[in-house]
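Notes follow the structure.
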Amino acid sequence: MQLSKMALSLGQSATLRLNELANNLKAEGKPVIHLGGGEPEEKIPDGAYAASLKKLDSRYVRYTATSGVADLKAGIAAYTEKHYGMRPAAGNIVVSSGAKQAIYNFLLSVVNPDDEVIFPAPYWVSYPEMVRMAGGEPVIIRPEPGTVVPTLEQFKAAFNQHTKAVMLNSPNNPSGAVFSEDFIKGLVELCERCGVWLMMDDIYNRLVFDGKKAPSAFAFSKKPPDESIIVSINGVSKTFSMTGFRIGWSVAQAPLTKAMVKVQAQVTSCPSALSQAAAAGALAESGEFVEKLRKGLEGKRDVMVAELAKLKKVKLHKPQGTFYSFPDFSAYDKDSTKLSNMLLEKAMVVAVPGVEFGLEGHLRLSYCGAEKDIIEGVSRIRKVLD
């Protein structure tokens, strides 16, 4: 019996593989330090905890509407209005089992065979494979050497009659870069002029440092909500430290939203009722949780930057958001997979190879864990390399 060509062509998620490896090594009692993870160490918000208990106490956890429960949609609408300046209707929202499913719902709803989907490197590791799973062709825009952000002119040059969508993650995983207002404004105008979807992966949009904010694409749109080419993807995993609850959502025009609901209905039926209750509880909080998390991550960012500066040959663009850094280690070894394996073997430090994000020579090092692990992990790397 043979497997499908699609299944055989897929690569394994490097981040999930390394998470599993790190957990296995820790379970074996190995002194491993995991700088490759993507989960804040903070416990979930009180509101999420209380709402989860209330739902469990009801002893009534059943299927929900495919697109999500009404109170969570109302919370998402209020959250979007507060942080994006526009209030979507319930018919513009789909609640999904994580932001990853929301992205896949979008791709399956708009991409036809041989359509091209453009996104910049460095990119989240799942983007190319998800586009291919939807039958599309990923088109990767690579930044100039020594930079981590491509130019708007590079995007314009990549557009053609096959371009169906652009996907942009800002703040960016893995670089921590935040795309500028001028760039976002220009990209919105380009996509509206060409009739191309613009999917904004906003999962880190409130985890921004140095007094700045991530620009909202909706602020630059000339289209009414139900004619908009903008699709916003978000969720509670990162900003609310609720990775295990698997709740994400999309905000998009009503016709696209209806298509995404039909896709989701055939894949997962609906998100977890218990997780939706927890997410609604998190969104109902005053915002102190997110600000405390953000400030803590900003401090850890500064620690990571200071420790990496002690390495003789590392080049780093200071992260402006997220909880990732993407230093250039090519002066030590241009093969990031080889370097990652060597650091695991000799330093017992887990780092994700940059090639998995589309830029060779880099490593993704996260700073969402304990500060002592950041210091010790980079110190071990320095001892091995310098």
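In the structure tokens, the first chain shown is A, the next is B, and so on; residue numbers restart at 1 for each chain, and ligands run from 1 in the order shown.
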### Task
Would you list, as a PyMOL selection string, the residues of range 128-364 of chain A that end up in strand (DSSP E or B) under DSSP run on this structure's backbone?
chain A and resi 137-141+163-169+197-201+208+230-235+248-251+315+321+324-325+328+349-350+352-353+362-364
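Within range 245-275 of chain A, DSSP run on the backbone puts these residues in helix (DSSP H, G or I): A:Phe245, A:Ala254, A:Pro255, A:Leu256, A:Thr257, A:Lys258, A:Ala259, A:Met260, A:Val261, A:Lys262, A:Val263, A:Gln264, A:Ala265, A:Gln266, A:Val267, A:Ala273, A:Leu274, A:Ser275.
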### Query
Closest to Gly281 in chain A among A:Tyr104, A:Val236, A:Pro174, A:Met6, using only C-alpha atoms?
A:Val236
Distance table requested - range 180-254 of chain A against range 73-95 of chain A, cut-off 6 Å, only C-alpha atoms: one row per qualifying residue with the closest atom pair and its distance in Å to one decimal, ordered by chain and rising residue number, as a tab-separated table.
residue	atom	partner	partner_atom	distance
A:Ser216	CA	A:Tyr84	CA	5.8
A:Gly248	CA	A:Val95	CA	5.9
A:Trp249	CA	A:Val95	CA	4.3
A:Ser250	CA	A:Val94	CA	5.3
A:Val251	CA	A:Ile93	CA	4.8
A:Ala252	CA	A:Asn92	CA	5.2
A:Gln253	CA	A:Asn92	CA	5.6
A:Ala254	CA	A:Asn92	CA	5.1
### Task
For Phe155 in chain A, list every protein, DNA or RNA residue within 12 Å, evaluated using only C-alpha atoms, and leave out those in the same chain fewer than 5 positions away; present the list as a PyMOL selection string.
chain A and resi 117-121+139-143+149-150+160+163+165-168+183-184+186-188+190-191
### Task
Please identify all polymer residues within 8 Å of range 299-307 of chain A, counting only C-alpha atoms, omitting same-chain residues fewer than 3 positions from it, and present them as number ranges by chain.
A: 295-296, 310-311, 316, 318-319, 323, 325, 367-368, 371, 374-375, 378-379
### Long-range neighbours of Ser241 in chain A as a PyMOL selection string, 9 Å cut-off, only C-alpha atoms, 4 positions minimum in chain
chain A and resi 39-45+236-237+290+293
Please write the residues from the selection above to a file, keeping C-alpha atoms, as a PDB file, in the first residue's frame.
ATOM      1  CA  GLU A  39       5.713  28.813  24.576  1.00  0.00           C
ATOM      2  CA  PRO A  40       5.766  31.520  27.253  1.00  0.00           C
ATOM      3  CA  GLU A  41       6.464  30.103  30.711  1.00  0.00           C
ATOM      4  CA  GLU A  42       3.702  32.169  32.357  1.00  0.00           C
ATOM      5  CA  LYS A  43       0.597  30.431  33.681  1.00  0.00           C
ATOM      6  CA  ILE A  44      -2.723  31.126  31.970  1.00  0.00           C
ATOM      7  CA  PRO A  45      -4.763  34.244  32.870  1.00  0.00           C
ATOM      8  CA  VAL A 236      -4.730  33.172  22.480  1.00  0.00           C
ATOM      9  CA  SER A 237      -1.700  30.871  22.273  1.00  0.00           C
ATOM     10  CA  VAL A 290      -0.776  40.767  28.450  1.00  0.00           C
ATOM     11  CA  LEU A 293       3.815  39.214  29.837  1.00  0.00           C
TER      12      LEU A 293
END
Selection: 9 Å around Ser170 in chain A, only C-alpha atoms, excl. self and same-chain fewer than 5 positions, as a PDB file with N, CA and C atoms, in the first residue's frame:
ATOM      1  N   GLY A 176      11.728  38.459  14.852  1.00  0.00           N
ATOM      2  CA  GLY A 176      11.291  39.483  15.785  1.00  0.00           C
ATOM      3  C   GLY A 176      11.116  40.838  15.146  1.00  0.00           C
ATOM      4  N   ALA A 177      11.281  40.921  13.822  1.00  0.00           N
ATOM      5  CA  ALA A 177      11.141  42.201  13.120  1.00  0.00           C
ATOM      6  C   ALA A 177       9.673  42.605  13.021  1.00  0.00           C
ATOM      7  N   VAL A 178       9.421  43.916  13.098  1.00  0.00           N
ATOM      8  CA  VAL A 178       8.091  44.477  12.899  1.00  0.00           C
ATOM      9  C   VAL A 178       8.120  45.298  11.613  1.00  0.00           C
ATOM     10  N   PHE A 179       7.270  44.960  10.666  1.00  0.00           N
ATOM     11  CA  PHE A 179       7.233  45.688   9.401  1.00  0.00           C
ATOM     12  C   PHE A 179       6.683  47.103   9.636  1.00  0.00           C
ATOM     13  N   MET A 200      -2.750  38.602   7.136  1.00  0.00           N
ATOM     14  CA  MET A 200      -1.869  39.104   8.179  1.00  0.00           C
ATOM     15  C   MET A 200      -1.871  38.117   9.349  1.00  0.00           C
ATOM     16  N   ASP A 201      -0.751  37.475   9.570  1.00  0.00           N
ATOM     17  CA  ASP A 201      -0.584  36.575  10.707  1.00  0.00           C
ATOM     18  C   ASP A 201      -0.201  37.442  11.905  1.00  0.00           C
ATOM     19  N   ASP A 202      -1.200  37.770  12.723  1.00  0.00           N
ATOM     20  CA  ASP A 202      -1.041  38.743  13.804  1.00  0.00           C
ATOM     21  C   ASP A 202      -0.886  38.088  15.177  1.00  0.00           C
ATOM     22  N   ILE A 203      -0.436  36.851  15.217  1.00  0.00           N
ATOM     23  CA  ILE A 203      -0.433  36.092  16.458  1.00  0.00           C
ATOM     24  C   ILE A 203       0.445  36.737  17.540  1.00  0.00           C
ATOM     25  N   TYR A 204       1.434  37.566  17.128  1.00  0.00           N
ATOM     26  CA  TYR A 204       2.311  38.236  18.105  1.00  0.00           C
ATOM     27  C   TYR A 204       2.051  39.750  18.159  1.00  0.00           C
ATOM     28  N   ASN A 205       0.907  40.208  17.675  1.00  0.00           N
ATOM     29  CA  ASN A 205       0.744  41.637  17.416  1.00  0.00           C
ATOM     30  C   ASN A 205       0.790  42.514  18.664  1.00  0.00           C
ATOM     31  N   ALA A 214       2.573  47.260  16.556  1.00  0.00           N
ATOM     32  CA  ALA A 214       2.561  46.662  15.221  1.00  0.00           C
ATOM     33  C   ALA A 214       1.463  47.335  14.402  1.00  0.00           C
ATOM     34  N   PRO A 215       1.775  47.896  13.234  1.00  0.00           N
ATOM     35  CA  PRO A 215       0.754  48.562  12.419  1.00  0.00           C
ATOM     36  C   PRO A 215      -0.359  47.598  12.007  1.00  0.00           C
ATOM     37  N   GLY A 321       9.878  42.554  18.569  1.00  0.00           N
ATOM     38  CA  GLY A 321       8.684  41.916  19.113  1.00  0.00           C
ATOM     39  C   GLY A 321       8.850  40.411  19.143  1.00  0.00           C
ATOM     40  N   THR A 322       7.776  39.701  19.447  1.00  0.00           N
ATOM     41  CA  THR A 322       7.716  38.235  19.622  1.00  0.00           C
ATOM     42  C   THR A 322       8.542  37.810  20.831  1.00  0.00           C
TER      43      THR A 322
END
### Query
Pick the closest to Tyr127 in chain A from A:Asn173, A:Ser67, A:Gln320, A:Asn341: which is it, counting only C-alpha atoms?
A:Asn173
